[in-house]
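Okay, so here's the structure we're looking at.
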Amino acid sequence: MTQMPETHNPIAPLGPEEYIEQAHFFSALGERIAANVPAQDVLAAVREETLATTKLPMAIDFMLSELRHLGAFCTAMQKLTHYFTPFQSFVVSEAEKERGRFDLRVGLAILAQEALYRAGRFEGAEPTHQGLFLYQFEVLCRNRLGYDFGLAAVADDPAYDQRWRDWILTIRRQVGMVDIADLLYVQSAHAAERARRSGREVEPGPEPLFGDREGRIALANRRKDPLYLFASLHRQLGYPEVPRPTVRDPKEDLLPQMARRLEQLEKRMSLMEEEQRGGIDLTKLYEPPPELR
């Protein structure tokens, strides 16, 4: 009896196992960097944790060597184009910019959720091209990463076919001048159905990139804040919610600040007491040179 070949998932061209291990790698890297563990130690440790049957350990080895030589690992991801997507490399490169405001921990959380979604392990949601694009597009919008280079990286993703690439590069020139909801609505099945019902002549062409549901949501959110559009699409399509930086509670820093101020007050009080007793002994504040000891 012949074995049926596995169906190819265009959303996960490397296979689900690779993206599951990538999600673990990105999430572990972000959590341990947040705990002030050196990145080199984290890469070495996570390399031992990853599944040996995948290609991720070899990719981590190359990233570790690049980190030791250049102080960054986005260059390694940019060279491993057969393994990491241009969007993944773009997110990490933006996070590693010295003058940028994009937090590396947020970027790693973004890539971890994207990898889980590609593998079909994100809360049982079935990965689709529409959900993947909307997630990546929302990442660019919320974090102000720039549409020019960002959408160019999205278009080069191997998950998209030529129709998707052409459309993404087209809206790359239109974002900022045309409402985001309008861009999605025009490419939806709902817009095509409304045109047919109105009696307008519709030229035959390829199927719209977005379905009826996405078109109705886009139509309902025209001329509104794009965040409302993304929130509605996220609820209806089930793709991951874009991670955001956590705002620290200022009350958490009160105790360390008070402790530092008390230490400064104690030092000042001790100096004042020594001055009243006859002067400050400066020998306590410096060490004499060796020849005078």
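Chain labels follow the order of the structure tokens: the first chain is A, the next B, and so on; residue numbering restarts at 1 in every chain, and ligands are counted from 1 in their shown order.
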
- Message: Env of Ile217 of chain A: 10 Å cut, atoms = only C-alpha atoms, seq-sep filter 5 positions within chain, self excluded. Answer as a ChimeraX atom specification.
- Response: /A:181,184-185,190,212,222,228-230,232-233,236

- Message: as a PyMOL selection string, please: every residue in segment 5-249 of chain A that a backbone DSSP assignment puts in alpha helix (DSSP H).
- Response: chain A and resi 16-34+39-49+56-70+74-79+86-95+104-118+129-143+147-155+162-172+180-186+189-197+212-220+226-237

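The shortest atom-to-atom distance to Gln78 of chain A, with only C-alpha atoms taken into account, belongs to A:Glu66 out of A:Glu66, A:Glu214, A:Glu126, A:Asp161.
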
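Residues in contact range of segment 128-133 of chain A, defined as at most 7 Å between only C-alpha atoms, with sequence neighbours fewer than 2 positions away removed, read Ile11, Glu126, Tyr135, Gln136, Phe137, Phe210, Leu237 and Tyr239 of chain A.
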
- What's the 12 Å shell around Glu98 of chain A, counting only C-alpha atoms, without same-chain residues fewer than 5 positions away, as an MDAnalysis selection string? chainID A and resid 71:72 93 103:104

- Message: Applying 6 Å and only C-alpha atoms, which residues near segment 28-30 of chain A remain after dropping the ones on its own chain fewer than 3 positions away? List them as number ranges by chain.
- Response: A: 24-25, 33, 105, 108

Atoms kept (N, CA, C and O atoms) for selection, written as a PDB file, in the first residue's frame:
ATOM      1  N   HIS A  24       9.622  28.493  19.964  1.00  0.00           N
ATOM      2  CA  HIS A  24      10.283  28.276  21.260  1.00  0.00           C
ATOM      3  C   HIS A  24      11.571  29.086  21.338  1.00  0.00           C
ATOM      4  O   HIS A  24      11.881  29.677  22.392  1.00  0.00           O
ATOM      5  N   PHE A  25      12.326  29.137  20.262  1.00  0.00           N
ATOM      6  CA  PHE A  25      13.587  29.872  20.249  1.00  0.00           C
ATOM      7  C   PHE A  25      13.361  31.361  20.489  1.00  0.00           C
ATOM      8  O   PHE A  25      14.013  31.971  21.350  1.00  0.00           O
ATOM      9  N   ILE A  33      16.542  37.291  27.822  1.00  0.00           N
ATOM     10  CA  ILE A  33      17.164  38.604  27.668  1.00  0.00           C
ATOM     11  C   ILE A  33      16.523  39.588  28.645  1.00  0.00           C
ATOM     12  O   ILE A  33      17.194  40.450  29.219  1.00  0.00           O
ATOM     13  N   ARG A 105      12.658  42.794  22.817  1.00  0.00           N
ATOM     14  CA  ARG A 105      11.791  41.794  23.450  1.00  0.00           C
ATOM     15  C   ARG A 105      10.425  41.748  22.781  1.00  0.00           C
ATOM     16  O   ARG A 105       9.848  40.665  22.605  1.00  0.00           O
ATOM     17  N   LEU A 108      10.896  39.932  19.374  1.00  0.00           N
ATOM     18  CA  LEU A 108      10.992  38.482  19.511  1.00  0.00           C
ATOM     19  C   LEU A 108       9.632  37.867  19.825  1.00  0.00           C
ATOM     20  O   LEU A 108       9.310  36.772  19.349  1.00  0.00           O
TER      21      LEU A 108
END

- Item | Cys141 of chain A environment, 12 Å, only C-alpha atoms, sequence neighbours closer than 5 positions dropped, as an NGL selection string | :A and (134-136 or 146-148 or 150-151 or 175-176 or 180 or 225-227 or 229-230 or 242 or 244)

For the residues selected in the previous step, produce a file with all heavy atoms as a compact mmCIF listing (two decimals), in the first residue's frame.
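Resulting contents of out-v4.txt:
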# COMPACT_ATOMS: atom_id res chain seq x y z
N LEU A 134 -2.37 40.23 7.44
CA LEU A 134 -2.92 41.22 8.35
C LEU A 134 -2.11 41.32 9.63
O LEU A 134 -1.93 42.41 10.17
CB LEU A 134 -4.38 40.87 8.66
CG LEU A 134 -5.36 41.03 7.49
CD1 LEU A 134 -6.71 40.42 7.84
CD2 LEU A 134 -5.52 42.49 7.12
N TYR A 135 -1.60 40.20 10.11
CA TYR A 135 -0.75 40.23 11.30
C TYR A 135 0.54 41.01 11.01
O TYR A 135 0.94 41.89 11.79
CB TYR A 135 -0.43 38.81 11.74
CG TYR A 135 0.50 38.72 12.92
CD1 TYR A 135 0.06 39.01 14.21
CD2 TYR A 135 1.84 38.36 12.75
CE1 TYR A 135 0.91 38.93 15.30
CE2 TYR A 135 2.69 38.28 13.83
CZ TYR A 135 2.23 38.56 15.10
OH TYR A 135 3.08 38.50 16.18
N GLN A 136 1.19 40.70 9.90
CA GLN A 136 2.44 41.39 9.56
C GLN A 136 2.19 42.88 9.30
O GLN A 136 2.99 43.73 9.71
CB GLN A 136 3.07 40.74 8.33
CG GLN A 136 3.53 39.31 8.58
CD GLN A 136 3.98 38.61 7.31
OE1 GLN A 136 3.58 38.98 6.20
NE2 GLN A 136 4.80 37.59 7.46
N GLY A 146 7.83 51.53 9.41
CA GLY A 146 8.07 52.02 8.05
C GLY A 146 7.46 51.08 7.02
O GLY A 146 7.76 49.88 7.00
N TYR A 147 6.59 51.64 6.18
CA TYR A 147 5.89 50.82 5.19
C TYR A 147 6.78 50.47 4.00
O TYR A 147 6.59 49.43 3.36
CB TYR A 147 4.64 51.54 4.69
CG TYR A 147 3.61 51.77 5.76
CD1 TYR A 147 3.25 53.06 6.16
CD2 TYR A 147 2.98 50.70 6.39
CE1 TYR A 147 2.30 53.27 7.15
CE2 TYR A 147 2.03 50.90 7.38
CZ TYR A 147 1.69 52.19 7.74
OH TYR A 147 0.76 52.39 8.72
N ASP A 148 7.73 51.31 3.67
CA ASP A 148 8.52 51.11 2.46
C ASP A 148 9.32 49.81 2.54
O ASP A 148 9.09 48.86 1.80
CB ASP A 148 9.43 52.31 2.22
CG ASP A 148 10.07 52.28 0.84
OD1 ASP A 148 9.59 51.52 -0.02
OD2 ASP A 148 11.05 53.02 0.63
N GLY A 150 9.31 47.75 5.13
CA GLY A 150 8.53 46.71 5.79
C GLY A 150 7.68 45.91 4.82
O GLY A 150 7.69 44.68 4.83
N LEU A 151 6.93 46.59 3.96
CA LEU A 151 6.09 45.88 3.00
C LEU A 151 6.93 45.19 1.93
O LEU A 151 6.52 44.16 1.38
CB LEU A 151 5.10 46.85 2.36
CG LEU A 151 3.95 47.29 3.27
CD1 LEU A 151 3.10 48.34 2.59
CD2 LEU A 151 3.09 46.10 3.68
N VAL A 175 -0.21 53.23 0.73
CA VAL A 175 -0.45 53.39 2.17
C VAL A 175 -0.04 54.79 2.59
O VAL A 175 1.04 55.27 2.27
CB VAL A 175 0.32 52.33 2.97
CG1 VAL A 175 0.23 52.62 4.45
CG2 VAL A 175 -0.22 50.95 2.69
N GLY A 176 -0.90 55.45 3.33
CA GLY A 176 -0.68 56.83 3.73
C GLY A 176 -1.49 57.80 2.91
O GLY A 176 -1.84 58.88 3.40
N ILE A 180 -6.62 52.42 4.80
CA ILE A 180 -6.30 50.99 4.86
C ILE A 180 -7.55 50.14 4.63
O ILE A 180 -7.50 49.12 3.94
CB ILE A 180 -5.66 50.65 6.21
CG1 ILE A 180 -4.34 51.41 6.37
CG2 ILE A 180 -5.43 49.16 6.35
CD1 ILE A 180 -3.72 51.26 7.73
N ASP A 225 -10.52 54.95 12.87
CA ASP A 225 -9.15 54.66 13.30
C ASP A 225 -8.79 53.25 12.85
O ASP A 225 -9.53 52.29 13.08
CB ASP A 225 -9.06 54.75 14.83
CG ASP A 225 -7.63 54.75 15.33
OD1 ASP A 225 -6.77 54.10 14.70
OD2 ASP A 225 -7.35 55.41 16.35
N PRO A 226 -7.63 53.07 12.19
CA PRO A 226 -7.25 51.72 11.73
C PRO A 226 -7.16 50.70 12.86
O PRO A 226 -7.29 49.50 12.61
CB PRO A 226 -5.88 51.95 11.08
CG PRO A 226 -5.87 53.38 10.69
CD PRO A 226 -6.67 54.08 11.72
N LEU A 227 -6.94 51.15 14.09
CA LEU A 227 -6.87 50.20 15.20
C LEU A 227 -8.20 49.49 15.41
O LEU A 227 -8.22 48.32 15.81
CB LEU A 227 -6.45 50.93 16.48
CG LEU A 227 -5.05 51.57 16.45
CD1 LEU A 227 -4.75 52.23 17.79
CD2 LEU A 227 -3.98 50.56 16.11
N LEU A 229 -10.21 48.71 12.97
CA LEU A 229 -10.24 47.73 11.88
C LEU A 229 -9.43 46.50 12.27
O LEU A 229 -9.90 45.36 12.11
CB LEU A 229 -9.68 48.36 10.61
CG LEU A 229 -9.42 47.41 9.43
CD1 LEU A 229 -10.73 46.81 8.92
CD2 LEU A 229 -8.68 48.14 8.32
N PHE A 230 -8.23 46.70 12.78
CA PHE A 230 -7.39 45.57 13.15
C PHE A 230 -8.01 44.77 14.29
O PHE A 230 -7.93 43.53 14.31
CB PHE A 230 -6.00 46.06 13.55
CG PHE A 230 -5.20 46.61 12.40
CD1 PHE A 230 -4.53 47.81 12.51
CD2 PHE A 230 -5.11 45.91 11.20
CE1 PHE A 230 -3.79 48.31 11.46
CE2 PHE A 230 -4.38 46.41 10.14
CZ PHE A 230 -3.71 47.61 10.26
N VAL A 242 -1.11 41.37 18.03
CA VAL A 242 0.26 41.88 17.97
C VAL A 242 0.73 42.22 19.38
O VAL A 242 0.07 42.98 20.10
CB VAL A 242 0.33 43.13 17.07
CG1 VAL A 242 1.73 43.74 17.09
CG2 VAL A 242 -0.06 42.76 15.64
N ARG A 244 2.55 44.02 22.45
CA ARG A 244 2.85 45.43 22.71
C ARG A 244 3.78 45.53 23.90
O ARG A 244 3.80 44.63 24.76
CB ARG A 244 1.56 46.21 23.00
CG ARG A 244 0.50 46.05 21.92
CD ARG A 244 -0.80 46.71 22.32
NE ARG A 244 -1.91 46.29 21.48
CZ ARG A 244 -3.15 46.66 21.65
NH1 ARG A 244 -3.47 47.47 22.66
NH2 ARG A 244 -4.10 46.24 20.84

- Which polymer residues have any atom within 10 Å of an atom of segment 82-87 of chain A, counting only C-alpha atoms, with same-chain residues fewer than 3 positions away left out, as JSON, numbers by chain? {"A": [13, 14, 18, 22, 55, 56, 59, 76, 77, 78, 79, 90, 91, 92, 93, 111, 136, 149, 150, 151, 152, 153, 154, 155, 156, 157, 158, 159]}
